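Data block below; observations after.
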Amino acid sequence: MVRKRKLHHAEVIRRGPSDRTVTVPVRPAVNFARRKDAWRGYSPTYGAVGIVCSTCLAGCGKTRHSMPSPRESSATMRVTPHEEARMRGDDEQQASVWSYIPLEQRVPADHPLRPLRAMVDGALRELSPQFSRLYAKGGRPSIAPERLLRALLLQVLYSVRSERLLMEQLDYNLLFRWFVGLSADDPIWDATVFTKNRQRLLEGDIARAFFDRVVAQARQQGLLSDEHFTVDGTLIEAWASLKSFKPTGTPPAAPPDDPGNPTVNFHGERRSNATHASTTDPEARLFRKGDAHEAKLYYQGHVLMENRHGLAVDGSVTPATGFAEREQALAMATRLPAGATLGADKSYDTRDFVDGLRGLAVTPHIAQNTTHRRSTLDRRTTRHPGYQASQRQRKRIEEIFGWLKMIGLLRKTRYRGVGRVGWMFTFGLAVYNLVRMRRLVAEPT
């Protein structure tokens, strides 16, 4: 039997053997018995529920506030007043959060960085003995070289323009922390400390060693060709202004009107690398890409690519000169097997370069330069189908240069000197190979 009486407090009436009544504490001014919108329903906790106000239980608030609090018994149900019950959630902000989910579980299983992390860890394990020789046996612990290289890889991969911004990303980006090997609560290094520790890796030529390990992984997976290659060069703008290109051997001039941005007039002045040098980066050279381009301070990057999948197998950086491309191409060709082919563009179509390749038992598959001259190659080389295939494949080397300049931040380097620019160029080639290898391994065979 259901008991009914005049309610000054909202009551929930439950049918059951005990026939007991559960009182719900709300404001006493509301008389739910006389409300037309009162309804009867069923609650999993309280059984058949009698008089309940639908206005007070509107929205998602009824689910949240129907749970008993620690101060209420399990037989007491709180009905949210109309002012509190609403569908909009609350913007509750906490000063501190404790998380028990490890970073390994937060990163999706199919995230692109997971296969890269596996390949990077494999290369770093092989470099561990070389790392040990760079550090003293005793002293204050420094940043682990493995974490340094992983952080530098993220800087290249995500185009982070400075070490200070990289440290900021490591501070709050959980994905970066997971890849580098830091926990969620590990302190982040100072940007100056990070660059000082990176100098040790520069002196140990770790970039070249890391690049060689990545190339070795590609060879083990059957991704490299041992017969067909392509070589080319690209210009890397130096971190120096033309205003710093001054005559050598002259006493310093008077302080300019604006030391930060002095007024310099170049009209009527003949400048060349033989008589001038940059005071900001003395190893950079004044170079012009073509007749329709202006002269700037450049370095020159050189890449040797295999033609099967377009992976870089060698690379270097030199000061920009008119002969550096062919000199470096011959130097890298000495490491090619006998009988291999080497493709290149028209700028390599010179007698000295072609004779040098044939002296190394390497077949030159160079684009013919017939502009106001005769090519050094004739039908004995160009009539073969392999020559036409090399001319199609050699264009893929521009993809490497495009990636290095757009993603790897090498359109204008942030470093000075051939050593540092070459270090980052070689490391960028290793990162490009890792990205390319991840895609090749993921492709169905």
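The way I read the labels, and the way they are meant: chains A, B, ... in the order of the structure tokens, residue 1 as the first residue of every chain, and ligand 1 as the first ligand shown, with later ones counted on from there.
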Report as a PDB file with C-alpha atoms, in the first residue's frame: the residues of segment 244-368 of chain A with a DSSP assignment of strand (DSSP E), based on the backbone of this structure.
```
ATOM      1  CA  PHE A 245      80.993  40.775 -45.939  1.00  0.00           C
ATOM      2  CA  LYS A 246      83.879  43.199 -45.586  1.00  0.00           C
ATOM      3  CA  PRO A 247      87.404  43.552 -47.008  1.00  0.00           C
ATOM      4  CA  HIS A 276      86.393  39.907 -48.705  1.00  0.00           C
ATOM      5  CA  ALA A 277      85.103  37.704 -45.917  1.00  0.00           C
ATOM      6  CA  SER A 278      82.150  37.687 -43.580  1.00  0.00           C
ATOM      7  CA  ARG A 285      81.261  32.131 -49.409  1.00  0.00           C
ATOM      8  CA  LEU A 286      79.652  34.702 -51.679  1.00  0.00           C
ATOM      9  CA  PHE A 287      77.914  32.721 -54.407  1.00  0.00           C
ATOM     10  CA  ARG A 288      75.274  33.233 -57.061  1.00  0.00           C
ATOM     11  CA  ALA A 295      74.678  36.800 -54.797  1.00  0.00           C
ATOM     12  CA  LYS A 296      74.401  35.646 -51.175  1.00  0.00           C
ATOM     13  CA  LEU A 297      76.553  33.947 -48.560  1.00  0.00           C
ATOM     14  CA  TYR A 298      76.108  30.208 -49.003  1.00  0.00           C
ATOM     15  CA  TYR A 299      77.289  26.746 -48.100  1.00  0.00           C
ATOM     16  CA  GLN A 300      76.907  23.825 -50.465  1.00  0.00           C
ATOM     17  CA  GLY A 301      75.350  20.505 -49.482  1.00  0.00           C
ATOM     18  CA  HIS A 302      76.013  17.306 -51.449  1.00  0.00           C
ATOM     19  CA  VAL A 303      73.970  14.086 -51.393  1.00  0.00           C
ATOM     20  CA  LEU A 304      74.473  10.636 -52.889  1.00  0.00           C
ATOM     21  CA  MET A 305      71.147   8.798 -53.350  1.00  0.00           C
ATOM     22  CA  GLU A 306      70.390   5.216 -54.276  1.00  0.00           C
ATOM     23  CA  ALA A 312      70.418   9.011 -49.016  1.00  0.00           C
ATOM     24  CA  VAL A 313      73.553   6.892 -48.615  1.00  0.00           C
ATOM     25  CA  ASP A 314      76.139   9.676 -48.282  1.00  0.00           C
ATOM     26  CA  GLY A 315      76.321  13.433 -47.809  1.00  0.00           C
ATOM     27  CA  SER A 316      78.629  16.318 -46.990  1.00  0.00           C
ATOM     28  CA  VAL A 317      78.832  20.128 -46.759  1.00  0.00           C
ATOM     29  CA  THR A 318      81.512  22.380 -48.246  1.00  0.00           C
ATOM     30  CA  PRO A 319      81.963  26.110 -48.843  1.00  0.00           C
ATOM     31  CA  THR A 341      75.912   3.773 -62.494  1.00  0.00           C
ATOM     32  CA  LEU A 342      75.836   7.392 -61.325  1.00  0.00           C
ATOM     33  CA  GLY A 343      73.226   9.848 -62.547  1.00  0.00           C
ATOM     34  CA  ALA A 344      73.559  13.633 -62.368  1.00  0.00           C
ATOM     35  CA  THR A 363      79.289   4.304 -65.536  1.00  0.00           C
ATOM     36  CA  PRO A 364      78.306   7.985 -65.931  1.00  0.00           C
ATOM     37  CA  HIS A 365      74.557   8.451 -66.528  1.00  0.00           C
ATOM     38  CA  ILE A 366      74.747  12.237 -66.711  1.00  0.00           C
TER      39      ILE A 366
END
```
Taking only C-alpha atoms into account, name the residue in A:Met424, A:Met167, A:Leu311, A:Leu409 that is nearest to Arg219 of chain A. A:Leu311
Excluding segment 398-406 of chain A and any residue of its chain fewer than 5 positions from it, enumerate the residues within 9 Å of it, using only C-alpha atoms, and give them as JSON, numbers by chain. {"A": [156, 159, 232, 233, 234, 236, 303, 305, 310, 311, 312, 411, 412, 425, 428, 429, 432]}
Rank A:Leu357, A:Leu153, A:Leu330, A:Val214 by their smallest atom-to-atom distance to Ala123 of chain A, using only C-alpha atoms, and report the top residue only. A:Val214
